[in-house]
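So this one's target-v4.tsv, TSV, C-alpha atoms:
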chain	number	residue	atom	x	y	z
P	1	MET	CA	30.91	50.72	-45.76
P	2	ALA	CA	28.83	49.50	-42.84
P	3	ASP	CA	28.45	51.60	-39.72
P	4	GLN	CA	30.25	49.86	-36.85
P	5	ARG	CA	27.07	50.23	-34.81
P	6	ILE	CA	25.27	47.99	-37.33
P	7	THR	CA	28.04	45.41	-37.07
P	8	GLN	CA	27.65	45.46	-33.29
P	9	LEU	CA	23.87	45.16	-33.55
P	10	ALA	CA	24.14	42.22	-35.96
P	11	GLU	CA	26.52	40.42	-33.62
P	12	ASN	CA	24.23	41.11	-30.63
P	13	LEU	CA	21.30	39.63	-32.55
P	14	MET	CA	23.18	36.43	-33.32
P	15	THR	CA	24.97	35.91	-30.01
P	16	TYR	CA	22.53	37.34	-27.44
P	17	SER	CA	19.03	37.71	-28.90
P	18	CYS	CA	18.89	34.42	-30.82
P	19	ALA	CA	21.88	32.76	-29.13
P	20	LEU	CA	22.69	30.89	-32.33
P	21	LYS	CA	24.72	27.71	-32.15
P	22	PRO	CA	26.93	26.25	-34.87
P	23	GLY	CA	24.88	24.49	-37.53
P	24	GLU	CA	21.57	26.17	-36.65
P	25	LYS	CA	19.57	27.62	-39.54
P	26	VAL	CA	18.45	31.25	-39.34
P	27	LEU	CA	16.05	32.97	-41.75
P	28	ILE	CA	17.03	36.63	-42.18
P	29	GLU	CA	14.16	38.66	-43.66
P	30	VAL	CA	14.93	42.27	-44.56
P	31	TYR	CA	12.43	44.92	-45.71
P	32	ASP	CA	13.40	48.30	-47.24
P	33	CYS	CA	16.96	48.33	-45.88
P	34	ASP	CA	20.31	49.10	-47.45
P	35	ASP	CA	22.18	46.05	-48.72
P	36	PHE	CA	24.94	46.34	-46.15
P	37	VAL	CA	22.41	45.67	-43.37
P	38	ALA	CA	21.65	42.26	-44.85
P	39	GLU	CA	25.38	41.71	-45.46
P	40	GLU	CA	26.26	42.36	-41.82
P	41	LEU	CA	23.54	40.03	-40.59
P	42	VAL	CA	24.72	37.25	-42.91
P	43	ARG	CA	28.37	37.75	-41.92
P	44	ALA	CA	27.45	37.74	-38.21
P	45	ALA	CA	25.56	34.46	-38.68
P	46	TYR	CA	28.52	32.84	-40.43
P	47	LYS	CA	30.83	34.16	-37.70
P	48	VAL	CA	29.06	32.02	-35.07
P	49	GLY	CA	28.90	29.00	-37.35
P	50	ALA	CA	25.18	29.30	-38.16
P	51	VAL	CA	23.58	28.73	-41.56
P	52	PRO	CA	21.90	31.92	-42.84
P	53	HIS	CA	18.96	31.94	-45.27
P	54	LEU	CA	18.21	35.36	-46.74
P	55	GLU	CA	15.01	36.99	-48.01
P	56	ILE	CA	15.13	40.62	-49.22
P	57	ARG	CA	11.77	42.35	-49.65
P	58	ARG	CA	10.52	45.80	-50.63
P	59	TYR	CA	7.24	47.19	-49.32
P	60	ARG	CA	6.19	48.93	-52.55
P	61	PRO	CA	5.94	45.78	-54.72
P	62	PHE	CA	4.73	43.88	-51.67
P	63	ALA	CA	1.80	46.31	-51.36
P	64	ALA	CA	0.95	45.68	-55.03
P	65	LEU	CA	0.99	41.94	-54.38
P	66	VAL	CA	-1.31	42.22	-51.37
P	67	ASP	CA	-3.64	44.60	-53.22
P	68	GLY	CA	-4.79	41.79	-55.50
P	69	LEU	CA	-4.33	38.90	-53.09
P	70	SER	CA	-6.98	36.17	-53.19
P	71	LYS	CA	-7.78	33.67	-50.45
P	72	GLU	CA	-6.37	30.81	-52.53
P	73	GLN	CA	-3.16	32.72	-53.28
P	74	ALA	CA	-2.66	33.56	-49.59
P	75	GLU	CA	-3.11	29.87	-48.76
P	76	ASP	CA	-0.53	28.89	-51.39
P	77	MET	CA	1.98	31.47	-50.13
P	78	ALA	CA	1.42	30.36	-46.56
P	79	ARG	CA	1.95	26.70	-47.44
P	80	TYR	CA	5.21	27.38	-49.32
P	81	ASP	CA	6.73	29.66	-46.68
P	82	ALA	CA	5.48	27.52	-43.80
P	83	ALA	CA	7.54	24.64	-45.19
P	84	ARG	CA	10.65	26.82	-45.08
P	85	MET	CA	9.90	28.29	-41.64
P	86	ASN	CA	9.46	24.79	-40.26
P	87	GLU	CA	13.09	24.08	-41.19
P	88	MET	CA	14.45	27.11	-39.32
P	89	ASP	CA	15.90	27.21	-35.84
P	90	ALA	CA	15.80	31.01	-35.68
P	91	TYR	CA	14.32	34.04	-37.43
P	92	ILE	CA	15.51	37.65	-37.61
P	93	GLY	CA	13.23	40.19	-39.27
P	94	ILE	CA	14.47	43.74	-39.80
P	95	ARG	CA	12.09	46.27	-41.29
P	96	GLY	CA	12.81	49.71	-42.62
P	97	TYR	CA	10.21	51.83	-44.39
P	98	ASP	CA	10.85	53.99	-47.43
P	99	ASN	CA	7.25	55.08	-46.86
P	100	ALA	CA	5.64	54.08	-43.57
P	101	SER	CA	2.18	54.36	-45.18
P	102	GLU	CA	2.99	52.21	-48.23
P	103	MET	CA	0.46	49.53	-47.26
P	104	SER	CA	-2.39	52.06	-47.07
P	105	GLY	CA	-2.90	51.68	-50.83
P	106	ALA	CA	-3.50	47.93	-50.65
P	107	SER	CA	-7.03	46.56	-50.57
P	108	LYS	CA	-8.53	45.87	-47.15
P	109	GLN	CA	-9.58	42.41	-48.35
P	110	GLY	CA	-6.05	41.56	-49.48
P	111	ILE	CA	-4.60	42.75	-46.17
P	112	GLU	CA	-7.14	40.65	-44.27
P	113	TYR	CA	-6.25	37.52	-46.27
P	114	TYR	CA	-2.53	38.14	-45.75
P	115	GLN	CA	-2.88	38.61	-41.99
P	116	SER	CA	-5.48	35.97	-41.19
P	117	ILE	CA	-4.05	33.27	-43.47
P	118	TYR	CA	-0.38	33.90	-44.30
P	119	SER	CA	0.84	35.72	-41.18
P	120	HIS	CA	-1.25	33.61	-38.85
P	121	MET	CA	0.25	30.37	-40.19
P	122	VAL	CA	3.83	31.33	-41.02
P	123	HIS	CA	4.49	33.70	-38.15
P	124	GLY	CA	1.79	33.09	-35.53
P	125	THR	CA	1.72	29.31	-35.65
P	126	ILE	CA	5.30	28.46	-36.65
P	127	ARG	CA	7.81	31.29	-36.23
P	128	VAL	CA	6.60	32.58	-32.84
P	129	LYS	CA	6.00	29.15	-31.35
P	130	LYS	CA	8.85	27.08	-32.81
P	131	THR	CA	11.88	29.29	-33.43
P	132	LYS	CA	14.22	31.60	-31.57
P	133	TRP	CA	13.23	34.93	-33.10
P	134	CYS	CA	13.89	38.63	-32.97
P	135	VAL	CA	12.10	41.40	-34.88
P	136	LEU	CA	13.40	44.95	-35.18
P	137	ARG	CA	13.15	48.16	-37.18
P	138	TYR	CA	15.82	49.97	-39.17
P	139	PRO	CA	16.28	53.76	-38.91
P	140	THR	CA	15.15	55.11	-42.29
P	141	PRO	CA	14.41	58.79	-43.10
P	142	SER	CA	10.71	57.86	-43.18
P	143	MET	CA	10.85	56.62	-39.60
P	144	ALA	CA	12.80	59.71	-38.53
P	145	GLN	CA	10.11	61.88	-40.08
P	146	LEU	CA	7.36	60.03	-38.20
P	147	ALA	CA	9.32	60.60	-34.99
P	148	GLY	CA	9.77	64.32	-35.76
P	149	MET	CA	13.56	64.01	-35.74
P	150	SER	CA	16.41	64.57	-38.18
P	151	THR	CA	17.75	61.41	-39.79
P	152	ARG	CA	21.08	61.72	-37.96
P	153	ASP	CA	19.47	62.31	-34.57
P	154	PHE	CA	17.08	59.42	-35.10
P	155	GLU	CA	19.96	57.10	-36.03
P	156	ASP	CA	21.81	58.07	-32.85
P	157	PHE	CA	18.65	57.50	-30.81
P	158	TYR	CA	18.00	54.17	-32.53
P	159	PHE	CA	21.44	52.72	-31.82
P	160	ASN	CA	21.39	53.94	-28.20
P	161	VAL	CA	18.12	52.06	-27.75
P	162	CYS	CA	19.02	48.96	-29.73
P	163	ASN	CA	22.54	48.48	-28.40
P	164	LEU	CA	21.49	48.97	-24.76
P	165	ASP	CA	22.93	46.54	-22.22
P	166	TYR	CA	19.90	44.25	-22.17
P	167	SER	CA	21.58	41.76	-19.85
P	168	LYS	CA	21.58	44.44	-17.11
P	169	MET	CA	17.91	45.22	-17.79
P	170	SER	CA	17.12	41.51	-17.62
P	171	VAL	CA	18.36	41.23	-14.03
P	172	ALA	CA	16.40	44.32	-12.98
P	173	MET	CA	13.19	42.87	-14.45
P	174	ASP	CA	13.24	39.84	-12.15
P	175	SER	CA	11.64	41.74	-9.26
P	176	LEU	CA	8.73	42.90	-11.44
P	177	VAL	CA	8.19	39.37	-12.75
P	178	GLU	CA	8.07	38.06	-9.18
P	179	MET	CA	5.60	40.72	-8.04
P	180	MET	CA	3.29	40.31	-11.03
P	181	GLU	CA	3.11	36.56	-10.52
P	182	LYS	CA	1.95	37.13	-6.93
P	183	THR	CA	-0.70	39.70	-7.97
P	184	ASP	CA	-4.40	39.13	-8.41
P	185	LYS	CA	-6.06	42.49	-9.08
P	186	VAL	CA	-4.59	45.24	-11.25
P	187	ARG	CA	-6.03	48.74	-11.52
P	188	LEU	CA	-4.92	51.38	-14.03
P	189	THR	CA	-5.94	55.03	-13.96
P	190	ALA	CA	-5.19	57.95	-16.25
P	191	LYS	CA	-7.12	60.60	-18.18
P	192	ASP	CA	-10.41	58.99	-19.27
P	193	THR	CA	-9.10	55.66	-17.94
P	194	ASP	CA	-10.13	53.60	-14.94
P	195	ILE	CA	-9.89	49.87	-15.50
P	196	THR	CA	-9.56	46.79	-13.34
P	197	PHE	CA	-8.71	43.17	-14.14
P	198	SER	CA	-7.12	40.07	-12.68
P	199	ILE	CA	-3.79	38.46	-13.58
P	200	LYS	CA	-4.05	35.79	-10.89
P	201	GLY	CA	-2.08	32.67	-11.75
P	202	MET	CA	-0.73	34.06	-15.02
P	203	LYS	CA	2.93	33.83	-15.95
P	204	ALA	CA	4.88	37.09	-16.30
P	205	ILE	CA	7.45	37.16	-19.08
P	206	LYS	CA	10.38	39.54	-19.30
P	207	CYS	CA	11.33	40.91	-22.72
P	208	ASP	CA	15.02	41.65	-22.41
P	209	GLY	CA	16.36	41.87	-25.95
P	210	LYS	CA	15.70	38.26	-26.92
P	211	MET	CA	12.66	38.65	-29.22
P	212	ASN	CA	12.36	42.36	-30.02
P	213	ILE	CA	14.90	45.11	-30.50
P	214	PRO	CA	14.32	47.65	-29.06
P	215	ASP	CA	13.06	45.81	-26.03
P	216	GLY	CA	12.10	46.54	-22.47
P	217	GLU	CA	8.76	45.23	-21.24
P	218	VAL	CA	7.32	42.64	-18.91
P	219	TYR	CA	4.10	41.09	-20.13
P	220	THR	CA	1.38	38.79	-18.96
P	221	ALA	CA	-2.30	38.41	-19.85
P	222	PRO	CA	-5.44	39.34	-17.97
P	223	ILE	CA	-7.94	36.67	-16.99
P	224	ARG	CA	-10.08	36.85	-20.12
P	225	ASP	CA	-13.45	37.81	-18.60
P	226	SER	CA	-12.13	39.85	-15.65
P	227	ILE	CA	-11.75	43.24	-17.36
P	228	ASN	CA	-14.16	46.04	-16.50
P	229	GLY	CA	-14.00	49.78	-17.03
P	230	ARG	CA	-12.64	52.13	-19.65
P	231	ILE	CA	-9.19	52.64	-21.12
P	232	THR	CA	-8.25	55.53	-23.42
P	233	TYR	CA	-4.93	55.22	-25.20
P	234	ASN	CA	-2.86	58.38	-25.70
P	235	THR	CA	-0.43	57.05	-28.29
P	236	PRO	CA	-1.25	57.02	-32.03
P	237	SER	CA	-1.20	53.64	-33.75
P	238	GLU	CA	-1.25	52.41	-37.32
P	239	TYR	CA	-2.95	49.20	-38.36
P	240	SER	CA	-2.79	47.87	-41.93
P	241	GLY	CA	-2.00	51.30	-43.31
P	242	THR	CA	-4.73	53.16	-41.40
P	243	GLY	CA	-3.79	55.65	-38.69
P	244	PHE	CA	-5.69	55.70	-35.40
P	245	ASP	CA	-5.71	58.19	-32.53
P	246	ASN	CA	-7.71	58.66	-29.32
P	247	ILE	CA	-8.73	55.00	-29.21
P	248	SER	CA	-11.04	54.29	-26.27
P	249	PHE	CA	-12.50	50.94	-25.19
P	250	LEU	CA	-15.28	50.22	-22.72
P	251	PHE	CA	-15.12	46.70	-21.24
P	252	LYS	CA	-17.76	44.55	-19.61
P	253	ASP	CA	-16.68	41.16	-18.30
P	254	GLY	CA	-13.67	41.13	-20.58
P	255	LYS	CA	-15.32	42.12	-23.85
P	256	ILE	CA	-14.94	45.42	-25.67
P	257	ILE	CA	-18.56	46.55	-25.87
P	258	GLU	CA	-17.83	50.06	-27.12
P	259	ALA	CA	-14.90	51.26	-29.22
P	260	THR	CA	-14.29	54.79	-30.49
P	261	ALA	CA	-11.43	56.64	-32.18
P	262	ASN	CA	-10.74	59.25	-34.82
P	263	ASN	CA	-11.88	56.55	-37.26
P	264	THR	CA	-14.46	54.61	-35.30
P	265	GLU	CA	-15.78	52.67	-38.28
P	266	ALA	CA	-12.33	51.36	-39.26
P	267	LEU	CA	-11.54	50.57	-35.61
P	268	ASN	CA	-14.63	48.41	-35.22
P	269	ARG	CA	-13.87	46.70	-38.51
P	270	VAL	CA	-10.56	45.53	-37.03
P	271	LEU	CA	-12.28	44.41	-33.82
P	272	ASP	CA	-14.81	42.43	-35.84
P	273	THR	CA	-12.06	40.32	-37.47
P	274	ASP	CA	-13.10	37.42	-35.23
P	275	GLU	CA	-14.51	36.78	-31.77
P	276	GLY	CA	-11.15	37.02	-30.01
P	277	ALA	CA	-10.40	40.47	-31.41
P	278	ARG	CA	-12.76	42.05	-28.86
P	279	TYR	CA	-10.93	40.46	-25.93
P	280	ILE	CA	-7.48	41.22	-24.53
P	281	GLY	CA	-4.53	38.90	-25.06
P	282	GLU	CA	-1.73	40.85	-23.37
P	283	PHE	CA	-1.04	43.32	-20.58
P	284	ALA	CA	2.51	44.68	-20.52
P	285	ILE	CA	4.59	47.27	-18.71
P	286	GLY	CA	7.20	49.31	-20.64
P	287	VAL	CA	10.55	50.20	-19.05
P	288	ASN	CA	13.09	51.15	-21.77
P	289	PRO	CA	14.88	54.26	-20.44
P	290	PHE	CA	15.78	55.62	-23.87
P	291	VAL	CA	12.25	55.49	-25.27
P	292	THR	CA	10.33	58.36	-23.72
P	293	LYS	CA	7.90	59.53	-26.41
P	294	PRO	CA	5.89	57.96	-29.24
P	295	MET	CA	7.74	57.17	-32.47
P	296	ASN	CA	4.49	56.23	-34.25
P	297	ASP	CA	5.93	52.74	-34.45
P	298	THR	CA	4.56	50.08	-32.13
P	299	LEU	CA	7.85	48.23	-31.72
P	300	PHE	CA	9.30	51.37	-30.10
P	301	ASP	CA	6.16	52.80	-28.50
P	302	GLU	CA	5.25	49.67	-26.51
P	303	LYS	CA	8.63	49.90	-24.72
P	304	ILE	CA	8.21	53.53	-23.54
P	305	SER	CA	9.34	53.97	-19.96
P	306	GLY	CA	6.28	54.69	-17.84
P	307	SER	CA	3.83	53.11	-20.27
P	308	ILE	CA	1.59	50.08	-20.47
P	309	HIS	CA	0.07	48.34	-23.45
P	310	PHE	CA	-3.23	46.51	-23.40
P	311	THR	CA	-3.62	44.38	-26.49
P	312	PRO	CA	-6.78	43.30	-28.30
P	313	GLY	CA	-6.38	39.88	-29.87
P	314	ALA	CA	-4.33	36.75	-29.45
P	315	ALA	CA	-2.52	35.84	-26.24
P	316	TYR	CA	1.00	34.44	-26.34
P	317	ASP	CA	1.47	30.77	-25.53
P	318	ASP	CA	3.74	31.49	-22.57
P	319	ALA	CA	1.12	33.76	-20.95
P	320	TYR	CA	-1.99	32.17	-22.40
P	321	ASN	CA	-5.41	33.27	-21.16
P	322	GLY	CA	-7.40	31.27	-23.69
P	323	ASN	CA	-7.87	34.10	-26.17
P	324	ASP	CA	-7.21	33.32	-29.83
P	325	SER	CA	-7.48	35.72	-32.74
P	326	ALA	CA	-5.92	36.56	-36.09
P	327	ILE	CA	-4.96	39.96	-34.69
P	328	HIS	CA	-2.60	41.09	-31.93
P	329	TRP	CA	-2.65	44.89	-31.74
P	330	ASP	CA	-0.42	46.51	-29.12
P	331	LEU	CA	-2.04	49.79	-28.06
P	332	VAL	CA	-0.12	52.06	-25.70
P	333	LEU	CA	-1.07	54.24	-22.74
P	334	ILE	CA	1.73	56.45	-21.38
P	335	GLN	CA	1.33	57.41	-17.71
P	336	THR	CA	4.16	59.93	-17.33
P	337	PRO	CA	3.31	63.56	-16.39
P	338	GLU	CA	4.07	64.79	-19.92
P	339	TYR	CA	1.20	62.63	-21.19
P	340	GLY	CA	-1.34	63.32	-18.47
P	341	GLY	CA	-0.01	61.06	-15.72
P	342	GLY	CA	-1.58	57.94	-14.30
P	343	ASP	CA	-1.14	55.29	-11.67
P	344	MET	CA	-0.91	51.51	-11.35
P	345	TRP	CA	-2.05	49.37	-8.42
P	346	PHE	CA	-1.31	45.73	-7.66
P	347	ASP	CA	-3.80	44.32	-5.13
P	348	ASP	CA	-4.73	47.84	-3.92
P	349	VAL	CA	-1.07	48.86	-3.40
P	350	LYS	CA	0.09	51.70	-5.64
P	351	VAL	CA	3.29	50.47	-7.30
P	352	ARG	CA	3.76	53.12	-10.00
P	353	GLU	CA	2.83	56.80	-9.87
P	354	ASN	CA	2.93	58.98	-12.96
P	355	GLY	CA	5.13	56.43	-14.70
P	356	ARG	CA	7.69	55.94	-11.91
P	357	PHE	CA	7.90	52.89	-9.68
P	358	ILE	CA	7.49	53.90	-6.04
P	359	VAL	CA	7.93	50.62	-4.17
P	360	PRO	CA	11.56	49.88	-3.21
P	361	GLU	CA	11.85	46.51	-4.93
P	362	LEU	CA	10.86	48.00	-8.31
P	363	GLU	CA	12.85	51.24	-8.23
P	364	CYS	CA	15.68	49.46	-10.07
P	365	LEU	CA	13.47	49.73	-13.19
P	366	ASN	CA	13.24	53.53	-13.15
P	367	PRO	CA	15.14	55.09	-16.08
P	368	GLU	CA	18.19	56.41	-14.23
P	369	ASN	CA	18.94	52.91	-12.95
P	370	LEU	CA	18.89	51.22	-16.36
P	371	MET	CA	21.12	53.53	-18.41
Encoded form using structure tokens:
Amino acid sequence: MADQRITQLAENLMTYSCALKPGEKVLIEVYDCDDFVAEELVRAAYKVGAVPHLEIRRYRPFAALVDGLSKEQAEDMARYDAARMNEMDAYIGIRGYDNASEMSGASKQGIEYYQSIYSHMVHGTIRVKKTKWCVLRYPTPSMAQLAGMSTRDFEDFYFNVCNLDYSKMSVAMDSLVEMMEKTDKVRLTAKDTDITFSIKGMKAIKCDGKMNIPDGEVYTAPIRDSINGRITYNTPSEYSGTGFDNISFLFKDGKIIEATANNTEALNRVLDTDEGARYIGEFAIGVNPFVTKPMNDTLFDEKISGSIHFTPGAAYDDAYNGNDSAIHWDLVLIQTPEYGGGDMWFDDVKVRENGRFIVPELECLNPENLM
């Protein structure tokens, strides 16, 4: 029997996140989740008069598929699924993990083909640009383990975060959007971090539960060649089955000219995917009041209250700085005191100190005002 919280989440996804209308087609893609999750999503789609299409996947056989993937096979898969995605009005992807490291056994070559050919076409070119979409996780024991929490406690945390009143957060974000769109120079400082860049003339986009759950960020993109200095991320990240920690980038005129981590060789291999991988496609500010520490899952970690993420790879169309790449890797720096502190300046005015907004018009985004 489905948890009522899942029923509520499914209805929120259909009515708020994707705002489905009668007759619209929605592709529901579910990885490593219990059957009743897919059932609730399908029922919620029918309830609003939409037309659900369902794909149920498992990561273990998927990893075996990718392990032997050829370029030609990836192109075939992309062509078939692109045809379907082109027919969709909306997309909801919900991903659990029986084993969060399942993809680590797949070949690096197969993973590269899948990401640069299949994902780039089906998701990057079509789904992101042409559909109403929302991507979220599902609270599995594997995810709870990564977060260092019991399964029950993680489920409670997950539903608090995912069923937050995002419409209230949306209103509070308006002041940050307005300020960012008036800003030229941004400076970020933290331990082993002092970086400057321009966001002059760039659009700022609020993420208020429409495209990701959990949500809670406002993003833009830096002027591509304006970045100088060093940033050192204090949140672990996994990319294609490989875990990374202590990632540090040195920038000169926008380009990452030095990159180190616990696995420096693998890090530089990712950054050598293509020319755009060594430039930044997104700068975002996290504000979700319920997410206060790393979950070792980017979809949660990039929303941490008091954090920023600074993303090597492709820029989004709605905040486009000219950078294109097959990758888009959200890497997170937390600036709260528990993680070493740090400050943010807009045009030489300090707007956030140790993760808390300190100018009156942005105080509405501090955690106590969003719960």
Using all atoms listed in the file, which residues of region 84-178 of chain P come within 9 Å of region 200-217 of chain P, and what is the closest atom pair for each, with the distance in Å to one decimal? Give it as CSV, sorted by chain and residue number.
residue,atom,partner,partner_atom,distance
P:Ile92,CA,P:Met211,CA,8.9
P:Lys132,CA,P:Met211,CA,7.6
P:Trp133,CA,P:Met211,CA,5.4
P:Cys134,CA,P:Met211,CA,3.9
P:Val135,CA,P:Asn212,CA,5.0
P:Leu136,CA,P:Ile213,CA,4.9
P:Arg137,CA,P:Ile213,CA,7.5
P:Tyr158,CA,P:Pro214,CA,8.3
P:Val161,CA,P:Pro214,CA,6.0
P:Cys162,CA,P:Pro214,CA,4.9
P:Asn163,CA,P:Pro214,CA,8.3
P:Leu164,CA,P:Pro214,CA,8.5
P:Asp165,CA,P:Gly209,CA,8.9
P:Tyr166,CA,P:Asp208,CA,5.5
P:Ser167,CA,P:Asp208,CA,7.0
P:Lys168,CA,P:Asp208,CA,8.9
P:Met169,CA,P:Asp208,CA,6.5
P:Ser170,CA,P:Asp208,CA,5.2
P:Met173,CA,P:Lys206,CA,6.5
P:Asp174,CA,P:Lys206,CA,7.7
P:Leu176,CA,P:Ala204,CA,8.5
P:Val177,CA,P:Ala204,CA,5.4
P:Glu178,CA,P:Ala204,CA,7.9
Completion exercise
Nearest to Trp329 (chain P), restricted to only C-alpha atoms and choosing among P:Met143, P:Ala50, P:Ala277, P:Ala106, comes out as P:Ala277
Problem - Neighbour list for Thr193 (chain P) as a PyMOL selection string, cut-off 8 Å, only C-alpha atoms, skip fewer than 5 positions in-chain - result: chain P and resi 188+229-232
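From CA of Thr298 (chain P) back to CA of Arg278 (chain P), the distance works out to 19.4 Å.
Reported to one decimal place, the separation of CA of Glu353 (chain P) from CA of Phe300 (chain P) is 21.9 Å.
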Exercise for the section: Point out the residue among P:Tyr239, P:Trp345, P:Phe154, P:Tyr138 with the least atom-to-atom distance to Met180 (chain P), counting all atoms listed in the file. Expected result: P:Trp345
Could the centre and edge lengths of an axis-aligned box, enclosing all atoms of region 221-232 of chain P in the file with 8 Å extra on each side, be given in Å to one decimal as AutoDock Vina command-line options?
--center_x -8.2 --center_y 46.1 --center_z -19.5 --size_x 27.9 --size_y 34.9 --size_z 23.8
Would you mind writing region 10-29 of chain P with N, CA and C atoms, as a PDB file, keeping the file's coordinate frame?
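rebuild_27.pdb written:
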ATOM      1  N   ALA P  10      24.254  43.534 -35.317  1.00  0.00           N
ATOM      2  CA  ALA P  10      24.140  42.220 -35.960  1.00  0.00           C
ATOM      3  C   ALA P  10      24.737  41.129 -35.080  1.00  0.00           C
ATOM      4  N   GLU P  11      25.888  41.409 -34.491  1.00  0.00           N
ATOM      5  CA  GLU P  11      26.520  40.420 -33.620  1.00  0.00           C
ATOM      6  C   GLU P  11      25.693  40.180 -32.352  1.00  0.00           C
ATOM      7  N   ASN P  12      25.099  41.268 -31.807  1.00  0.00           N
ATOM      8  CA  ASN P  12      24.230  41.110 -30.630  1.00  0.00           C
ATOM      9  C   ASN P  12      23.029  40.231 -30.954  1.00  0.00           C
ATOM     10  N   LEU P  13      22.472  40.414 -32.150  1.00  0.00           N
ATOM     11  CA  LEU P  13      21.300  39.630 -32.550  1.00  0.00           C
ATOM     12  C   LEU P  13      21.640  38.144 -32.624  1.00  0.00           C
ATOM     13  N   MET P  14      22.803  37.835 -33.149  1.00  0.00           N
ATOM     14  CA  MET P  14      23.180  36.430 -33.320  1.00  0.00           C
ATOM     15  C   MET P  14      23.618  35.784 -32.005  1.00  0.00           C
ATOM     16  N   THR P  15      24.377  36.529 -31.193  1.00  0.00           N
ATOM     17  CA  THR P  15      24.970  35.910 -30.010  1.00  0.00           C
ATOM     18  C   THR P  15      24.105  36.033 -28.763  1.00  0.00           C
ATOM     19  N   TYR P  16      23.359  37.141 -28.643  1.00  0.00           N
ATOM     20  CA  TYR P  16      22.530  37.340 -27.440  1.00  0.00           C
ATOM     21  C   TYR P  16      21.052  37.083 -27.713  1.00  0.00           C
ATOM     22  N   SER P  17      20.478  37.800 -28.687  1.00  0.00           N
ATOM     23  CA  SER P  17      19.030  37.710 -28.900  1.00  0.00           C
ATOM     24  C   SER P  17      18.603  36.310 -29.325  1.00  0.00           C
ATOM     25  N   CYS P  18      19.254  35.762 -30.336  1.00  0.00           N
ATOM     26  CA  CYS P  18      18.890  34.420 -30.820  1.00  0.00           C
ATOM     27  C   CYS P  18      19.818  33.333 -30.299  1.00  0.00           C
ATOM     28  N   ALA P  19      20.927  33.728 -29.700  1.00  0.00           N
ATOM     29  CA  ALA P  19      21.880  32.760 -29.130  1.00  0.00           C
ATOM     30  C   ALA P  19      22.122  31.594 -30.070  1.00  0.00           C
ATOM     31  N   LEU P  20      22.510  31.928 -31.307  1.00  0.00           N
ATOM     32  CA  LEU P  20      22.690  30.890 -32.330  1.00  0.00           C
ATOM     33  C   LEU P  20      23.863  29.976 -32.012  1.00  0.00           C
ATOM     34  N   LYS P  21      23.668  28.711 -32.321  1.00  0.00           N
ATOM     35  CA  LYS P  21      24.720  27.710 -32.150  1.00  0.00           C
ATOM     36  C   LYS P  21      25.204  27.249 -33.520  1.00  0.00           C
ATOM     37  N   PRO P  22      26.418  26.740 -33.593  1.00  0.00           N
ATOM     38  CA  PRO P  22      26.930  26.250 -34.870  1.00  0.00           C
ATOM     39  C   PRO P  22      25.982  25.234 -35.501  1.00  0.00           C
ATOM     40  N   GLY P  23      25.736  25.405 -36.796  1.00  0.00           N
ATOM     41  CA  GLY P  23      24.880  24.490 -37.530  1.00  0.00           C
ATOM     42  C   GLY P  23      23.411  24.858 -37.539  1.00  0.00           C
ATOM     43  N   GLU P  24      22.985  25.785 -36.672  1.00  0.00           N
ATOM     44  CA  GLU P  24      21.570  26.170 -36.650  1.00  0.00           C
ATOM     45  C   GLU P  24      21.235  27.043 -37.862  1.00  0.00           C
ATOM     46  N   LYS P  25      20.039  26.861 -38.389  1.00  0.00           N
ATOM     47  CA  LYS P  25      19.570  27.620 -39.540  1.00  0.00           C
ATOM     48  C   LYS P  25      18.809  28.857 -39.075  1.00  0.00           C
ATOM     49  N   VAL P  26      19.130  30.006 -39.688  1.00  0.00           N
ATOM     50  CA  VAL P  26      18.450  31.250 -39.340  1.00  0.00           C
ATOM     51  C   VAL P  26      17.926  31.901 -40.624  1.00  0.00           C
ATOM     52  N   LEU P  27      16.639  32.225 -40.640  1.00  0.00           N
ATOM     53  CA  LEU P  27      16.050  32.970 -41.750  1.00  0.00           C
ATOM     54  C   LEU P  27      16.168  34.455 -41.444  1.00  0.00           C
ATOM     55  N   ILE P  28      16.863  35.185 -42.303  1.00  0.00           N
ATOM     56  CA  ILE P  28      17.030  36.630 -42.180  1.00  0.00           C
ATOM     57  C   ILE P  28      16.125  37.277 -43.223  1.00  0.00           C
ATOM     58  N   GLU P  29      15.127  38.022 -42.758  1.00  0.00           N
ATOM     59  CA  GLU P  29      14.160  38.660 -43.660  1.00  0.00           C
ATOM     60  C   GLU P  29      14.282  40.164 -43.499  1.00  0.00           C
TER      61      GLU P  29
END
